[in-house]
$ cat run.cif   # mmCIF, C-alpha atoms and all ligand atoms; chains and numbers go by the auth columns
data_model
loop_
_atom_site.group_PDB
_atom_site.id
_atom_site.type_symbol
_atom_site.label_atom_id
_atom_site.label_comp_id
_atom_site.label_asym_id
_atom_site.label_seq_id
_atom_site.Cartn_x
_atom_site.Cartn_y
_atom_site.Cartn_z
_atom_site.B_iso_or_equiv
_atom_site.auth_seq_id
_atom_site.auth_asym_id
ATOM 1 C CA MET A 1 0.000 0.000 0.000 0.00 29 A
ATOM 2 C CA TYR A 2 3.069 2.278 0.198 0.00 30 A
ATOM 3 C CA ILE A 3 5.385 3.469 -2.516 0.00 31 A
ATOM 4 C CA GLU A 4 9.124 3.436 -1.890 0.00 32 A
ATOM 5 C CA THR A 5 10.219 6.970 -2.842 0.00 33 A
ATOM 6 C CA ARG A 6 13.627 7.843 -4.288 0.00 34 A
ATOM 7 C CA ALA A 7 14.422 9.853 -1.153 0.00 35 A
ATOM 8 C CA ARG A 8 13.791 6.785 1.006 0.00 36 A
ATOM 9 C CA SER A 9 15.923 4.580 -1.242 0.00 37 A
ATOM 10 C CA LEU A 10 18.696 7.183 -1.026 0.00 38 A
ATOM 11 C CA VAL A 11 18.633 7.413 2.765 0.00 39 A
ATOM 12 C CA LYS A 12 18.541 3.608 3.028 0.00 40 A
ATOM 13 C CA THR A 13 21.523 3.487 0.671 0.00 41 A
ATOM 14 C CA ILE A 14 23.549 5.779 2.902 0.00 42 A
ATOM 15 C CA SER A 15 22.600 4.147 6.209 0.00 43 A
ATOM 16 C CA TRP A 16 23.328 0.670 4.896 0.00 44 A
ATOM 17 C CA ARG A 17 26.640 1.823 3.426 0.00 45 A
ATOM 18 C CA VAL A 18 27.810 3.408 6.669 0.00 46 A
ATOM 19 C CA ALA A 19 27.015 0.183 8.521 0.00 47 A
ATOM 20 C CA GLY A 20 28.558 -2.089 5.847 0.00 48 A
ATOM 21 C CA THR A 21 31.686 -0.007 5.445 0.00 49 A
ATOM 22 C CA ALA A 22 32.276 0.130 9.187 0.00 50 A
ATOM 23 C CA VAL A 23 32.244 -3.683 9.271 0.00 51 A
ATOM 24 C CA THR A 24 34.651 -3.932 6.319 0.00 52 A
ATOM 25 C CA ALA A 25 37.089 -1.360 7.753 0.00 53 A
ATOM 26 C CA VAL A 26 37.122 -3.084 11.142 0.00 54 A
ATOM 27 C CA LEU A 27 37.733 -6.494 9.546 0.00 55 A
ATOM 28 C CA VAL A 28 40.569 -5.190 7.359 0.00 56 A
ATOM 29 C CA PHE A 29 42.146 -3.531 10.391 0.00 57 A
ATOM 30 C CA LEU A 30 41.863 -6.739 12.460 0.00 58 A
ATOM 31 C CA PHE A 31 43.555 -8.766 9.724 0.00 59 A
ATOM 32 C CA THR A 32 46.222 -6.262 8.672 0.00 60 A
ATOM 33 C CA LYS A 33 46.626 -4.066 11.790 0.00 61 A
ATOM 34 C CA LYS A 34 47.040 -1.206 9.301 0.00 62 A
ATOM 35 C CA LEU A 35 44.645 1.658 9.898 0.00 63 A
ATOM 36 C CA GLY A 36 45.471 3.427 6.617 0.00 64 A
ATOM 37 C CA VAL A 37 44.732 0.343 4.511 0.00 65 A
ATOM 38 C CA ALA A 38 41.523 -0.285 6.444 0.00 66 A
ATOM 39 C CA LEU A 39 40.292 3.268 5.848 0.00 67 A
ATOM 40 C CA ALA A 40 41.320 3.249 2.152 0.00 68 A
ATOM 41 C CA ILE A 41 39.546 -0.031 1.400 0.00 69 A
ATOM 42 C CA GLY A 42 36.526 1.159 3.402 0.00 70 A
ATOM 43 C CA GLY A 43 36.435 4.431 1.461 0.00 71 A
ATOM 44 C CA PHE A 44 36.664 2.876 -2.015 0.00 72 A
ATOM 45 C CA GLU A 45 34.186 0.213 -1.088 0.00 73 A
ATOM 46 C CA ALA A 46 31.729 2.822 0.234 0.00 74 A
ATOM 47 C CA ALA A 47 31.881 4.915 -2.931 0.00 75 A
ATOM 48 C CA GLY A 48 31.455 1.947 -5.306 0.00 76 A
ATOM 49 C CA LYS A 49 28.754 0.181 -3.392 0.00 77 A
ATOM 50 C CA LEU A 50 26.739 3.353 -2.735 0.00 78 A
ATOM 51 C CA VAL A 51 26.094 3.621 -6.436 0.00 79 A
ATOM 52 C CA VAL A 52 25.445 -0.080 -6.952 0.00 80 A
ATOM 53 C CA TYR A 53 23.073 -0.317 -3.991 0.00 81 A
ATOM 54 C CA PHE A 54 20.938 2.640 -5.096 0.00 82 A
ATOM 55 C CA PHE A 55 20.386 1.292 -8.609 0.00 83 A
ATOM 56 C CA HIS A 56 19.872 -2.228 -7.285 0.00 84 A
ATOM 57 C CA GLU A 57 17.102 -0.898 -4.990 0.00 85 A
ATOM 58 C CA ARG A 58 15.424 1.050 -7.783 0.00 86 A
ATOM 59 C CA ALA A 59 15.569 -1.951 -10.116 0.00 87 A
ATOM 60 C CA TRP A 60 13.929 -4.206 -7.520 0.00 88 A
ATOM 61 C CA ASN A 61 11.136 -1.681 -7.115 0.00 89 A
ATOM 62 C CA ARG A 62 10.160 -2.404 -10.716 0.00 90 A
ATOM 63 C CA ILE A 63 10.159 -6.162 -10.259 0.00 91 A
ATOM 64 C CA SER A 64 6.951 -7.719 -9.000 0.00 92 A
ATOM 65 C CA PHE A 65 8.470 -11.135 -8.267 0.00 93 A
ATOM 66 C CA GLY A 66 7.823 -12.152 -4.661 0.00 94 A
ATOM 67 C CA ARG A 67 5.297 -9.384 -4.081 0.00 95 A
ATOM 68 C CA ARG A 68 1.721 -10.311 -3.295 0.00 96 A
ATOM 69 C CA ALA A 69 -1.034 -7.722 -3.253 0.00 97 A
ATOM 70 C CA ILE A 70 -3.243 -7.832 -0.187 0.00 98 A
ATOM 71 C CA LYS A 71 -6.708 -9.104 -1.034 0.00 99 A
ATOM 72 C CA PRO A 72 -9.103 -7.044 1.054 0.00 100 A
ATOM 73 C CA SER A 73 -12.512 -8.337 2.025 0.00 101 A
ATOM 74 C CA VAL A 74 -15.995 -7.115 2.808 0.00 102 A
ATOM 75 C CA ILE A 75 -16.927 -8.462 6.221 0.00 103 A
ATOM 76 C CA TRP A 76 -20.694 -8.260 6.387 0.00 104 A
ATOM 77 C CA PHE A 77 -22.330 -8.621 9.795 0.00 105 A
ATOM 78 C CA THR A 78 -26.006 -9.569 9.663 0.00 106 A
ATOM 79 C CA GLY A 79 -28.345 -10.407 12.533 0.00 107 A
ATOM 80 C CA LEU A 80 -31.147 -9.125 14.711 0.00 108 A
ATOM 81 C CA SER A 81 -31.139 -5.740 16.414 0.00 109 A
ATOM 82 C CA GLY A 82 -29.272 -6.122 19.713 0.00 110 A
ATOM 83 C CA SER A 83 -27.484 -9.302 18.586 0.00 111 A
ATOM 84 C CA GLY A 84 -24.046 -7.712 19.036 0.00 112 A
ATOM 85 C CA LYS A 85 -23.167 -7.110 15.362 0.00 113 A
ATOM 86 C CA SER A 86 -21.903 -3.565 15.723 0.00 114 A
ATOM 87 C CA THR A 87 -19.908 -4.270 18.887 0.00 115 A
ATOM 88 C CA ILE A 88 -17.950 -7.092 17.216 0.00 116 A
ATOM 89 C CA ALA A 89 -17.699 -5.133 13.959 0.00 117 A
ATOM 90 C CA GLN A 90 -16.136 -2.117 15.681 0.00 118 A
ATOM 91 C CA LYS A 91 -13.649 -4.314 17.514 0.00 119 A
ATOM 92 C CA VAL A 92 -12.649 -5.961 14.216 0.00 120 A
ATOM 93 C CA VAL A 93 -12.238 -2.511 12.618 0.00 121 A
ATOM 94 C CA GLY A 94 -9.921 -1.445 15.462 0.00 122 A
ATOM 95 C CA GLU A 95 -7.804 -4.596 15.136 0.00 123 A
ATOM 96 C CA LEU A 96 -7.506 -4.356 11.349 0.00 124 A
ATOM 97 C CA GLN A 97 -6.494 -0.694 11.575 0.00 125 A
ATOM 98 C CA ALA A 98 -3.970 -1.498 14.305 0.00 126 A
ATOM 99 C CA GLN A 99 -2.441 -4.060 11.917 0.00 127 A
ATOM 100 C CA GLY A 100 -2.029 -1.289 9.340 0.00 128 A
ATOM 101 C CA PHE A 101 -4.859 -2.249 6.981 0.00 129 A
ATOM 102 C CA LYS A 102 -6.962 0.525 5.498 0.00 130 A
ATOM 103 C CA THR A 103 -10.412 -0.236 6.852 0.00 131 A
ATOM 104 C CA GLU A 104 -13.783 1.457 6.525 0.00 132 A
ATOM 105 C CA TYR A 105 -16.763 0.852 8.770 0.00 133 A
ATOM 106 C CA LEU A 106 -20.315 1.023 7.381 0.00 134 A
ATOM 107 C CA ASP A 107 -23.125 0.911 9.889 0.00 135 A
ATOM 108 C CA GLY A 108 -26.869 0.716 9.169 0.00 136 A
ATOM 109 C CA ASP A 109 -27.748 3.452 11.661 0.00 137 A
ATOM 110 C CA MET A 110 -24.989 5.721 10.353 0.00 138 A
ATOM 111 C CA LEU A 111 -26.189 5.353 6.734 0.00 139 A
ATOM 112 C CA ARG A 112 -29.747 6.010 7.825 0.00 140 A
ATOM 113 C CA GLN A 113 -28.621 9.344 9.300 0.00 141 A
ATOM 114 C CA ILE A 114 -27.226 10.327 5.911 0.00 142 A
ATOM 115 C CA PHE A 115 -30.293 9.028 4.025 0.00 143 A
ATOM 116 C CA PRO A 116 -32.988 9.888 6.582 0.00 144 A
ATOM 117 C CA ARG A 117 -35.866 8.969 4.299 0.00 145 A
ATOM 118 C CA THR A 118 -34.928 5.293 4.471 0.00 146 A
ATOM 119 C CA GLY A 119 -37.747 3.480 6.215 0.00 147 A
ATOM 120 C CA PHE A 120 -38.223 -0.132 7.279 0.00 148 A
ATOM 121 C CA SER A 121 -40.487 -1.427 4.515 0.00 149 A
ATOM 122 C CA ARG A 122 -39.103 -4.384 2.597 0.00 150 A
ATOM 123 C CA GLN A 123 -38.336 -2.178 -0.401 0.00 151 A
ATOM 124 C CA ASP A 124 -36.595 0.478 1.698 0.00 152 A
ATOM 125 C CA ARG A 125 -34.428 -2.102 3.434 0.00 153 A
ATOM 126 C CA GLU A 126 -33.524 -3.869 0.188 0.00 154 A
ATOM 127 C CA ASP A 127 -32.451 -0.507 -1.313 0.00 155 A
ATOM 128 C CA HIS A 128 -30.578 0.469 1.845 0.00 156 A
ATOM 129 C CA VAL A 129 -28.658 -2.822 1.930 0.00 157 A
ATOM 130 C CA LYS A 130 -27.811 -2.590 -1.762 0.00 158 A
ATOM 131 C CA ARG A 131 -26.592 1.002 -1.346 0.00 159 A
ATOM 132 C CA ALA A 132 -24.300 -0.103 1.455 0.00 160 A
ATOM 133 C CA GLY A 133 -23.203 -3.155 -0.536 0.00 161 A
ATOM 134 C CA PHE A 134 -22.382 -1.122 -3.617 0.00 162 A
ATOM 135 C CA LEU A 135 -20.333 1.319 -1.567 0.00 163 A
ATOM 136 C CA ALA A 136 -18.553 -1.589 0.118 0.00 164 A
ATOM 137 C CA SER A 137 -17.690 -3.160 -3.234 0.00 165 A
ATOM 138 C CA ARG A 138 -16.230 0.122 -4.553 0.00 166 A
ATOM 139 C CA LEU A 139 -14.060 0.533 -1.464 0.00 167 A
ATOM 140 C CA GLU A 140 -12.952 -3.108 -1.675 0.00 168 A
ATOM 141 C CA ASN A 141 -11.953 -2.464 -5.281 0.00 169 A
ATOM 142 C CA GLN A 142 -9.569 0.223 -4.031 0.00 170 A
ATOM 143 C CA GLY A 143 -7.837 -2.163 -1.641 0.00 171 A
ATOM 144 C CA ILE A 144 -9.774 -1.138 1.442 0.00 172 A
ATOM 145 C CA PHE A 145 -11.206 -3.592 3.965 0.00 173 A
ATOM 146 C CA VAL A 146 -14.875 -2.927 4.665 0.00 174 A
ATOM 147 C CA VAL A 147 -16.664 -3.958 7.813 0.00 175 A
ATOM 148 C CA ALA A 148 -20.432 -3.527 7.504 0.00 176 A
ATOM 149 C CA SER A 149 -23.059 -3.941 10.172 0.00 177 A
ATOM 150 C CA LEU A 150 -26.691 -3.929 9.069 0.00 178 A
ATOM 151 C CA ILE A 151 -29.587 -6.160 10.105 0.00 179 A
ATOM 152 C CA SER A 152 -29.939 -6.903 6.354 0.00 180 A
ATOM 153 C CA PRO A 153 -32.778 -9.331 7.037 0.00 181 A
ATOM 154 C CA TYR A 154 -33.471 -10.565 3.500 0.00 182 A
ATOM 155 C CA GLN A 155 -31.523 -13.228 1.677 0.00 183 A
ATOM 156 C CA SER A 156 -32.121 -11.638 -1.741 0.00 184 A
ATOM 157 C CA SER A 157 -30.340 -8.339 -1.044 0.00 185 A
ATOM 158 C CA ARG A 158 -27.535 -10.073 0.892 0.00 186 A
ATOM 159 C CA ASN A 159 -27.009 -12.323 -2.147 0.00 187 A
ATOM 160 C CA GLU A 160 -26.887 -9.296 -4.430 0.00 188 A
ATOM 161 C CA VAL A 161 -24.236 -7.699 -2.256 0.00 189 A
ATOM 162 C CA ARG A 162 -22.265 -10.968 -2.293 0.00 190 A
ATOM 163 C CA GLN A 163 -22.308 -10.847 -6.096 0.00 191 A
ATOM 164 C CA LEU A 164 -21.054 -7.242 -6.123 0.00 192 A
ATOM 165 C CA CYS A 165 -18.069 -7.931 -3.868 0.00 193 A
ATOM 166 C CA ARG A 166 -14.976 -9.928 -4.714 0.00 194 A
ATOM 167 C CA ASN A 167 -14.224 -11.355 -1.306 0.00 195 A
ATOM 168 C CA PHE A 168 -17.473 -11.325 0.659 0.00 196 A
ATOM 169 C CA LEU A 169 -17.463 -12.771 4.157 0.00 197 A
ATOM 170 C CA GLU A 170 -20.911 -13.084 5.648 0.00 198 A
ATOM 171 C CA VAL A 171 -20.882 -13.201 9.435 0.00 199 A
ATOM 172 C CA TYR A 172 -24.242 -14.218 10.827 0.00 200 A
ATOM 173 C CA VAL A 173 -24.607 -13.019 14.419 0.00 201 A
ATOM 174 C CA SER A 174 -27.112 -15.622 15.518 0.00 202 A
ATOM 175 C CA THR A 175 -27.820 -14.476 19.087 0.00 203 A
ATOM 176 C CA PRO A 176 -31.356 -15.765 19.806 0.00 204 A
ATOM 177 C CA LEU A 177 -34.302 -13.370 19.726 0.00 205 A
ATOM 178 C CA GLU A 178 -35.082 -13.918 23.456 0.00 206 A
ATOM 179 C CA ILE A 179 -31.578 -12.711 24.377 0.00 207 A
ATOM 180 C CA CYS A 180 -31.710 -9.695 22.013 0.00 208 A
ATOM 181 C CA GLU A 181 -35.109 -8.824 23.416 0.00 209 A
ATOM 182 C CA LYS A 182 -33.850 -9.100 26.986 0.00 210 A
ATOM 183 C CA ARG A 183 -30.914 -6.807 26.172 0.00 211 A
ATOM 184 C CA ASP A 184 -33.149 -4.340 24.305 0.00 212 A
ATOM 185 C CA PRO A 185 -30.553 -1.526 24.525 0.00 213 A
ATOM 186 C CA LYS A 186 -32.769 1.049 22.787 0.00 214 A
ATOM 187 C CA GLY A 187 -36.097 -0.135 24.256 0.00 215 A
ATOM 188 C CA LEU A 188 -37.306 -0.861 20.712 0.00 216 A
ATOM 189 C CA TYR A 189 -38.366 -4.489 21.272 0.00 217 A
ATOM 190 C CA ALA A 190 -40.653 -3.334 24.088 0.00 218 A
ATOM 191 C CA LYS A 191 -42.148 -0.698 21.786 0.00 219 A
ATOM 192 C CA ALA A 192 -42.569 -3.254 18.996 0.00 220 A
ATOM 193 C CA ARG A 193 -44.334 -5.660 21.405 0.00 221 A
ATOM 194 C CA ARG A 194 -46.688 -2.841 22.380 0.00 222 A
ATOM 195 C CA GLY A 195 -47.353 -2.223 18.692 0.00 223 A
ATOM 196 C CA GLU A 196 -45.771 1.251 18.763 0.00 224 A
ATOM 197 C CA ILE A 197 -43.251 0.278 16.059 0.00 225 A
ATOM 198 C CA LYS A 198 -44.349 -1.663 13.007 0.00 226 A
ATOM 199 C CA ASN A 199 -42.332 -4.072 10.862 0.00 227 A
ATOM 200 C CA PHE A 200 -39.807 -4.717 13.605 0.00 228 A
ATOM 201 C CA THR A 201 -37.376 -7.446 12.598 0.00 229 A
ATOM 202 C CA GLY A 202 -37.968 -10.646 14.568 0.00 230 A
ATOM 203 C CA ILE A 203 -41.317 -9.434 15.917 0.00 231 A
ATOM 204 C CA ASP A 204 -43.613 -8.635 13.005 0.00 232 A
ATOM 205 C CA ASP A 205 -41.095 -8.631 10.182 0.00 233 A
ATOM 206 C CA PRO A 206 -39.032 -11.666 9.138 0.00 234 A
ATOM 207 C CA TYR A 207 -35.319 -12.262 9.560 0.00 235 A
ATOM 208 C CA GLU A 208 -34.239 -14.733 6.893 0.00 236 A
ATOM 209 C CA ILE A 209 -31.449 -16.851 8.339 0.00 237 A
ATOM 210 C CA PRO A 210 -28.377 -16.937 6.057 0.00 238 A
ATOM 211 C CA THR A 211 -28.112 -20.282 4.296 0.00 239 A
ATOM 212 C CA ARG A 212 -24.332 -20.331 3.712 0.00 240 A
ATOM 213 C CA PRO A 213 -22.625 -17.749 5.936 0.00 241 A
ATOM 214 C CA GLU A 214 -18.840 -17.902 6.221 0.00 242 A
ATOM 215 C CA LEU A 215 -19.157 -17.634 10.006 0.00 243 A
ATOM 216 C CA VAL A 216 -21.857 -17.912 12.678 0.00 244 A
ATOM 217 C CA ILE A 217 -21.406 -16.197 16.035 0.00 245 A
ATOM 218 C CA ASP A 218 -23.818 -16.419 18.949 0.00 246 A
ATOM 219 C CA THR A 219 -22.825 -13.674 21.391 0.00 247 A
ATOM 220 C CA SER A 220 -24.677 -15.429 24.229 0.00 248 A
ATOM 221 C CA GLN A 221 -22.063 -18.215 23.909 0.00 249 A
ATOM 222 C CA ILE A 222 -18.818 -16.332 23.250 0.00 250 A
ATOM 223 C CA ASP A 223 -17.208 -13.154 24.602 0.00 251 A
ATOM 224 C CA LEU A 224 -16.231 -10.135 22.521 0.00 252 A
ATOM 225 C CA GLN A 225 -12.529 -11.019 22.215 0.00 253 A
ATOM 226 C CA GLY A 226 -13.372 -14.600 21.201 0.00 254 A
ATOM 227 C CA ALA A 227 -15.846 -13.380 18.593 0.00 255 A
ATOM 228 C CA SER A 228 -13.425 -10.867 17.126 0.00 256 A
ATOM 229 C CA ASP A 229 -10.650 -13.518 17.004 0.00 257 A
ATOM 230 C CA LEU A 230 -12.938 -15.829 15.012 0.00 258 A
ATOM 231 C CA VAL A 231 -13.564 -13.083 12.473 0.00 259 A
ATOM 232 C CA LEU A 232 -9.889 -12.105 12.242 0.00 260 A
ATOM 233 C CA ASN A 233 -8.896 -15.755 11.684 0.00 261 A
ATOM 234 C CA LEU A 234 -11.405 -15.965 8.867 0.00 262 A
ATOM 235 C CA ILE A 235 -10.055 -12.769 7.293 0.00 263 A
ATOM 236 C CA ARG A 236 -6.473 -14.026 7.601 0.00 264 A
ATOM 237 C CA LYS A 237 -7.351 -17.177 5.626 0.00 265 A
ATOM 238 C CA ARG A 238 -8.714 -15.025 2.791 0.00 266 A
ATOM 239 C CA VAL A 239 -6.128 -12.232 2.587 0.00 267 A
HETATM 240 S S1 LIG B . -31.898 -2.961 8.017 0.00 301 A
HETATM 241 O O1 LIG B . -32.971 -3.952 8.299 0.00 301 A
HETATM 242 O O2 LIG B . -32.367 -1.949 7.079 0.00 301 A
HETATM 243 O O3 LIG B . -30.662 -3.596 7.592 0.00 301 A
HETATM 244 P P1 LIG B . -30.420 -1.308 9.864 0.00 301 A
HETATM 245 O O4 LIG B . -29.276 -2.157 10.287 0.00 301 A
HETATM 246 O O5 LIG B . -30.144 -0.261 8.853 0.00 301 A
HETATM 247 O O6 LIG B . -31.651 -2.254 9.423 0.00 301 A
HETATM 248 O O7 LIG B . -31.026 -0.524 11.141 0.00 301 A
HETATM 249 C C1 LIG B . -31.452 -1.243 12.219 0.00 301 A
HETATM 250 C C2 LIG B . -31.628 -0.374 13.462 0.00 301 A
HETATM 251 O O8 LIG B . -32.761 0.472 13.294 0.00 301 A
HETATM 252 C C3 LIG B . -31.936 -1.301 14.615 0.00 301 A
HETATM 253 O O9 LIG B . -30.768 -1.573 15.357 0.00 301 A
HETATM 254 C C4 LIG B . -32.911 -0.528 15.413 0.00 301 A
HETATM 255 O O10 LIG B . -32.227 0.227 16.382 0.00 301 A
HETATM 256 C C5 LIG B . -33.543 0.469 14.472 0.00 301 A
HETATM 257 N N1 LIG B . -34.943 0.170 14.049 0.00 301 A
HETATM 258 C C6 LIG B . -35.951 1.056 14.054 0.00 301 A
HETATM 259 N N2 LIG B . -37.086 0.504 13.551 0.00 301 A
HETATM 260 C C7 LIG B . -36.783 -0.769 13.226 0.00 301 A
HETATM 261 C C8 LIG B . -37.533 -1.844 12.661 0.00 301 A
HETATM 262 N N3 LIG B . -38.799 -1.703 12.319 0.00 301 A
HETATM 263 N N4 LIG B . -36.911 -3.029 12.468 0.00 301 A
HETATM 264 C C9 LIG B . -35.621 -3.165 12.791 0.00 301 A
HETATM 265 N N5 LIG B . -34.851 -2.196 13.338 0.00 301 A
HETATM 266 C C10 LIG B . -35.419 -0.995 13.553 0.00 301 A
#
$ encode --input "run.cif" --output "structure tokens" --more "lines below"
Ligand code: ADX
Amino acid sequence: MYIETRARSLVKTISWRVAGTAVTAVLVFLFTKKLGVALAIGGFEAAGKLVVYFFHERAWNRISFGRRAIKPSVIWFTGLSGSGKSTIAQKVVGELQAQGFKTEYLDGDMLRQIFPRTGFSRQDREDHVKRAGFLASRLENQGIFVVASLISPYQSSRNEVRQLCRNFLEVYVSTPLEICEKRDPKGLYAKARRGEIKNFTGIDDPYEIPTRPELVIDTSQIDLQGASDLVLNLIRKRV
């Protein structure tokens, strides 16, 4: 993801030469006990090898042998509201960034703030998921890891997103409805039960369980670190 600039090659040339020449001069002195000879050989060697090293470095920068481009992935968290998707997703984002990978996080709630007219009808959700999926695929194309967290309850739009992306990893956060409802961090399940919110996923709107997810995580059975390690292991296998 980085380009080796000429300035960097030049500084590396000089630092390596100083180190290499010091070794040569010391060795010559140890063998001959003649300081003048040691310094002369060191000096000529430094001048010659400075030039050779610089061009050798620049030539290798043009050779792709032994270089492997990182294959980023789209890690798509799907599951009920309150299942723990976003918590694991954010942890994975932090770990990927700490490892130096360019990583973008796409969250359903965040996208809804930008497109506030997105509702919760089937059509609205399908469009919303496809918008996020399209964006994810474009970022992936540019070598960026994408971690997305959306309920994305319908198989059809998840499949479409899978088709758009090159390296799509579907992580189904399968925490049971009873647990999500007990957690109810935003009090929305209670509202949905009282009929104050319509089309609430898991209550009066379906969640279609993924048929072939790359990973299934039930956050009532595993802690946050364990869950994030599972995801990172999966990513590592696909990089
Ligand atoms: S998705 O179904 O369109 O993928 P998204 O992930 O963007 O959903 O947003 C889900 C969040 O919206 C939930 O975590 C919840 O807080 C809130 N929400 C509000 N109304 C609903 C609803 N009818 N169904 C599901 N979630 C809802």
$ closest_residue --input "run.cif" --among "A:Ser202, A:Asn195, A:Asn187, A:Ser109" --to "ligand LIG 301 (chain A)" --atoms "only C-alpha atoms and all ligand atoms"
A:Ser109
$ residues_near_ligand --input "run.cif" --ligand "ligand LIG 301 (chain A)" --cutoff "7 Å" --atoms "all atoms listed in the file" --output "compact mmCIF listing (two decimals) with C-alpha atoms, in the frame of the given file"
# COMPACT_ATOMS: atom_id res chain seq x y z
CA SER A 109 -31.14 -5.74 16.41
CA GLY A 110 -29.27 -6.12 19.71
CA ASP A 135 -23.12 0.91 9.89
CA GLY A 136 -26.87 0.72 9.17
CA ASP A 137 -27.75 3.45 11.66
CA ARG A 140 -29.75 6.01 7.82
CA PHE A 148 -38.22 -0.13 7.28
CA ARG A 153 -34.43 -2.10 3.43
CA HIS A 156 -30.58 0.47 1.84
CA VAL A 157 -28.66 -2.82 1.93
CA SER A 177 -23.06 -3.94 10.17
CA LEU A 178 -26.69 -3.93 9.07
CA ILE A 179 -29.59 -6.16 10.10
CA SER A 180 -29.94 -6.90 6.35
CA PRO A 181 -32.78 -9.33 7.04
CA LYS A 214 -32.77 1.05 22.79
CA LEU A 216 -37.31 -0.86 20.71
CA ILE A 225 -43.25 0.28 16.06
CA LYS A 226 -44.35 -1.66 13.01
CA ASN A 227 -42.33 -4.07 10.86
CA PHE A 228 -39.81 -4.72 13.60
CA THR A 229 -37.38 -7.45 12.60
$ closest_residue --input "run.cif" --among "A:Asn169, A:Gln141, A:Ser256, A:Asn261" --to "A:Gln118" --atoms "only C-alpha atoms"
A:Ser256
$ closest_residue --input "run.cif" --among "A:Val79, A:Val65, A:Ala164, A:Leu124" --to "A:Val189" --atoms "all atoms listed in the file"
A:Ala164
$ atom_distance --input "run.cif" --atom1 "atom CA of A:Asp155" --atom2 "atom CA of A:Asp232"
19.9 Å
$ closest_residue --input "run.cif" --among "A:Thr115, A:Gly223, A:Thr52, A:Ser101" --to "A:Asp251" --atoms "all atoms listed in the file"
A:Thr115
$ resolve_selection --input "run.cif" --expression "the PyMOL selection byres (((chain A and resi 123) around 12) and not hetatm)" --output "PDB file with C-alpha atoms, in the frame of the given file"
ATOM      1  CA  ILE A 116     -17.950  -7.092  17.216  1.00  0.00           C
ATOM      2  CA  ALA A 117     -17.699  -5.133  13.959  1.00  0.00           C
ATOM      3  CA  GLN A 118     -16.136  -2.117  15.681  1.00  0.00           C
ATOM      4  CA  LYS A 119     -13.649  -4.314  17.514  1.00  0.00           C
ATOM      5  CA  VAL A 120     -12.649  -5.961  14.216  1.00  0.00           C
ATOM      6  CA  VAL A 121     -12.238  -2.511  12.618  1.00  0.00           C
ATOM      7  CA  GLY A 122      -9.921  -1.445  15.462  1.00  0.00           C
ATOM      8  CA  LEU A 124      -7.506  -4.356  11.349  1.00  0.00           C
ATOM      9  CA  GLN A 125      -6.494  -0.694  11.575  1.00  0.00           C
ATOM     10  CA  ALA A 126      -3.970  -1.498  14.305  1.00  0.00           C
ATOM     11  CA  GLN A 127      -2.441  -4.060  11.917  1.00  0.00           C
ATOM     12  CA  GLY A 128      -2.029  -1.289   9.340  1.00  0.00           C
ATOM     13  CA  PHE A 129      -4.859  -2.249   6.981  1.00  0.00           C
ATOM     14  CA  LYS A 130      -6.962   0.525   5.498  1.00  0.00           C
ATOM     15  CA  THR A 131     -10.412  -0.236   6.852  1.00  0.00           C
ATOM     16  CA  PHE A 173     -11.206  -3.592   3.965  1.00  0.00           C
ATOM     17  CA  VAL A 175     -16.664  -3.958   7.813  1.00  0.00           C
ATOM     18  CA  GLN A 253     -12.529 -11.019  22.215  1.00  0.00           C
ATOM     19  CA  SER A 256     -13.425 -10.867  17.126  1.00  0.00           C
ATOM     20  CA  ASP A 257     -10.650 -13.518  17.004  1.00  0.00           C
ATOM     21  CA  VAL A 259     -13.564 -13.083  12.473  1.00  0.00           C
ATOM     22  CA  LEU A 260      -9.889 -12.105  12.242  1.00  0.00           C
ATOM     23  CA  ASN A 261      -8.896 -15.755  11.684  1.00  0.00           C
ATOM     24  CA  ILE A 263     -10.055 -12.769   7.293  1.00  0.00           C
TER      25      ILE A 263
END
$ resolve_selection --input "run.cif" --expression "the PyMOL selection byres (((chain A and resi 165) around 12) and not hetatm)" --output "JSON list (two decimals) with C-alpha atoms, keeping the file's coordinate frame"
[["chain", "number", "residue", "atom", "x", "y", "z"],
["A", 100, "PRO", "CA", -9.10, -7.04, 1.05],
["A", 101, "SER", "CA", -12.51, -8.34, 2.02],
["A", 102, "VAL", "CA", -16.00, -7.12, 2.81],
["A", 103, "ILE", "CA", -16.93, -8.46, 6.22],
["A", 104, "TRP", "CA", -20.69, -8.26, 6.39],
["A", 132, "GLU", "CA", -13.78, 1.46, 6.52],
["A", 134, "LEU", "CA", -20.32, 1.02, 7.38],
["A", 158, "LYS", "CA", -27.81, -2.59, -1.76],
["A", 159, "ARG", "CA", -26.59, 1.00, -1.35],
["A", 160, "ALA", "CA", -24.30, -0.10, 1.46],
["A", 161, "GLY", "CA", -23.20, -3.16, -0.54],
["A", 162, "PHE", "CA", -22.38, -1.12, -3.62],
["A", 163, "LEU", "CA", -20.33, 1.32, -1.57],
["A", 164, "ALA", "CA", -18.55, -1.59, 0.12],
["A", 166, "ARG", "CA", -16.23, 0.12, -4.55],
["A", 167, "LEU", "CA", -14.06, 0.53, -1.46],
["A", 168, "GLU", "CA", -12.95, -3.11, -1.68],
["A", 169, "ASN", "CA", -11.95, -2.46, -5.28],
["A", 170, "GLN", "CA", -9.57, 0.22, -4.03],
["A", 171, "GLY", "CA", -7.84, -2.16, -1.64],
["A", 172, "ILE", "CA", -9.77, -1.14, 1.44],
["A", 173, "PHE", "CA", -11.21, -3.59, 3.96],
["A", 174, "VAL", "CA", -14.88, -2.93, 4.66],
["A", 175, "VAL", "CA", -16.66, -3.96, 7.81],
["A", 176, "ALA", "CA", -20.43, -3.53, 7.50],
["A", 188, "GLU", "CA", -26.89, -9.30, -4.43],
["A", 189, "VAL", "CA", -24.24, -7.70, -2.26],
["A", 190, "ARG", "CA", -22.26, -10.97, -2.29],
["A", 191, "GLN", "CA", -22.31, -10.85, -6.10],
["A", 192, "LEU", "CA", -21.05, -7.24, -6.12],
["A", 193, "CYS", "CA", -18.07, -7.93, -3.87],
["A", 194, "ARG", "CA", -14.98, -9.93, -4.71],
["A", 195, "ASN", "CA", -14.22, -11.36, -1.31],
["A", 196, "PHE", "CA", -17.47, -11.32, 0.66]]
